[in-house]
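Student: Below is one structure. I have some questions about it.
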Amino acid sequence: MIFFHAQQRCLAMSLFLLGPFLLIASAAAAPPSIVANSGMEIDADSDQWPDGWARLKEGGSWQVEDGNHFLRLQSTAPGAMVMLYQEIGIPAGVEAIEMTWRQRVTGLQVGKQSWFDARFLMEFLDPAREKVTPTPRAPSSRKDTDGWVEKSTQFLVPEGARTLKFMPCLFQVNAGSFDLDDIVLKPIPGGPLREAAAVAAAALQAKLAAQASQRQAKAAAALEAEGSLISNGDFETDVKKADGWPDHWGQLKDAGSWETEGDNHFLRMKSPTPGKLVMVYRTFDIPAGTAALELSWKQRVTGLKKGAMPWFDARIMLEFMGVDGKKLGQKPSPPYTQKDTDGWVEKSKSFLVPEGALTLAMMPSLFQVQAGTLDLDDFVLKPTDPAPLFAAAEKRAAEVQARYVAPEEPNRANWPLELKVVGNRLHDTNGKEVWLQGVNAGGLETLPQDKQAIKSVVVAIDDWKANCVRVPMKESFWYGESPYQNDGGKEYRETLDQIITLAANRGAYVVIDLHRFRAPRQEHADFWKEFAGLYKDHPAVLFDLFNEPHGISWEVWRNGGFVSEKSGTDESAFLTDEEKKKNQGYESIGMQALVDAVRSSGAKNVVIAGGVFWCNDLSGVVNGHALKDPTGNGIMYSWHTYNWHTGWEAKVLPTAEKHPIFLGEVGADIHKMNFIPLEDQEDPYTWVPDMLGFIQKHRLNWTGWCLHPGATPLLISDWSYTPTPYWGVFAKEALSGKQFELKRTR
């Protein structure tokens, strides 16, 4: 080899002296490698690095021994990555590649993981620089060689691959040198490799299938014997090792304990430090023919404080694996808990088993929470009837398909006329009175990616005959500040704009509701200045400035002031602890500042201001705290009332005599809410007709809460928009013109 490299150097000099004829002849005689300067000998530009080879950032050198040149990769520090990154073009038509090279490994100390060694990493890219699979197996060395050794490997080139990412490296080793020379990548026919791969794959598949059959039979026998696929699911047995830990459950190092209460044993997981993942991992093989599984268990959650992300909570993660041990793409959604339970509670979850699944991995965890304890007991996993799950999946798929609404271009000819406050009514620009009646299309106040609200707006107008839809939203989503967003809010803003256009094209009005609680802040004024500036010329848009002020005086409500700790009745059970904490101990700018922010943008659109006590009390408006609007189209005052609120006349009618009222949220649910005394919540079948009669008698503008099957009080029971009998049916009838008798007020 030394003679060969010396000859190469002489040839290179001859090429330089004798000109292009010999250059062409030499090229024709060169080995058919797709890598230039394979022997690392040529350095025509005299930069002390072999031509055509990428330099390493650190840990690389061009060495010479007895006239022979080669590349050396040298570990710079324990755990450091030392890599030569080279991109090699693959000529069209190449089916497979044979790679030969010489290497010498000295002083190698492998790293922490089994693959932290001396190896060649390779990946394929298509013309768009997207990864193409399969990836070649990485030739690797975990020990020193006896001097220089010759190596070779062959691999197929996947269809569409045009570039090979070629990355010889010392992969996070603790120490060592990796010398490389004579790297040749030569095209070869792909047929033999494909045939060999097919034979090997078939043999492996047969072996895995046989092993899977045995494991499935064993799982079926265990299920027959114990009634569950989870052995020792009640945590009672410690016989196998008698080590103070339940059999078959992996022991946690410092965040778990095997507890006893009375004669009952259970597993306790406790967060040791904020943000640390605490998890138990178990796998269970699934009997053949199982189409669905039911997991049931008992849990107790105490002292839980969620982590930095919305999904950092107490949860049970579930994953399926195939016969090859690899994860399948289809997995059940994890059952999770984000607040403490009232003692022990029973839980269950049923889910479909995807085709090809052999094993279920179950991972109960405190997922990077700030604090908390998760107690678990009585796990049972067994097959269940898949029919209801298939039906539910089909229904969800149909709902997703039905959810789509094609975007529309603005059709101004169909838009409603601009509104203006005249006395205690709304008039359009033709002087005609307009009575706003409709629903809330919820969802965008909770999840920024929710698209169902788009469909809800269309259904509300086309099917429920609403001429107004209130759309709750958040300014933080508008600016893209949710962990679920990574586009600065662009998609969220586009969704709201699409909603506004769809409603306006149908001749209806849209109330954009800033769905916040307690009292306004400066960031809310900043939002309204921006939003109002964008929609100041849109006749269909009204601005509901602040959802539900509460726990403040009328003076603070109007002019701002310090918002102290909340006391008295609290209807914010749905808010997180972080949101509740943020809603106390700060300076509010007051509602007048929000009106002023809108008008400073030049927008004249009608604005809506909610009263105190969760928007349920408007009495202060006529007692010296009315807002001023000298330059706009006027103010409506918003009232919210549900089937536990009383004092209808006193709280709203004096204001209704002088100002238009917008009943932005109203409704009743057959299922009572636990944060309101149960005896205070009236039966919807008596309350709803009277409330609709009250609305109609006084011609109050109104939007019922809520056209969402998960936001009580429910107007609908599902995403087929089936009206609930106790609220939705009545509301839909009222929107269609049915008159309701007011028998008595509350």
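Quick note on naming: the chains in the structure tokens go A, B, ... in the order shown, residues restart at 1 in each chain, and ligands are numbered from 1 in order of appearance.
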Within 10 Å of region 113-119 of chain A, counting only C-alpha atoms, which residues qualify if same-chain residues fewer than 3 places away don't, as a list in words?

Tutor: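 Neighbouring residues, sequence-local ones excluded: Leu73, Gly79, Met81, Val82, Met83, Val105, Leu108, Gln109, Val110, Met122, Ala138, Pro139, Ser140, Ser141, Arg142, Lys143, Asp144, Met167, Pro168, Cys169, Leu170, Phe171, Gln172, Val173, Asn174, Ala175, Gly176, Ser177 and Phe178 of chain A.
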
Student: Please identify the strand (DSSP E or B) residues within region 569-731 of chain A (assignment by DSSP from backbone atoms) and present them as a count of residues only.

Tutor: 29

Student: Would you pick out the contacts of Val458 (chain A) at 12 Å or less, using only C-alpha atoms, so that residues sharing its chain but fewer than 6 positions from it are not included, and give the list as a ChimeraX atom specification?

Tutor: /A:402-408,438-441,452,464-469,498-510,707,721

Student: Using only C-alpha atoms for the distances, tell me which of A:Ala371, A:Ala603, A:Met317, A:Leu618 is nearest to Pro272 (chain A).

Tutor: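 Using only C-alpha atoms, Pro272 (chain A) sits closest to A:Ala371.
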
Student: Between A:Met362, A:Gly620, A:Val323, A:Pro472, which one has atoms that come closest to Ala212 (chain A), using only C-alpha atoms?

Tutor: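 Of A:Met362, A:Gly620, A:Val323, A:Pro472, the one nearest Ala212 (chain A), counting only C-alpha atoms, is A:Val323.
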
Student: Between CA of Thr237 (chain A) and CA of Trp344 (chain A), what is the spacing in Å?

Tutor: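 According to the coordinates, CA of Trp344 (chain A) and CA of Thr237 (chain A) are separated by 20.8 Å.
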
Student: What's the separation between CA of Pro246 (chain A) and CA of Phe312 (chain A), in Å to one decimal place?

Tutor: 26.9 Å
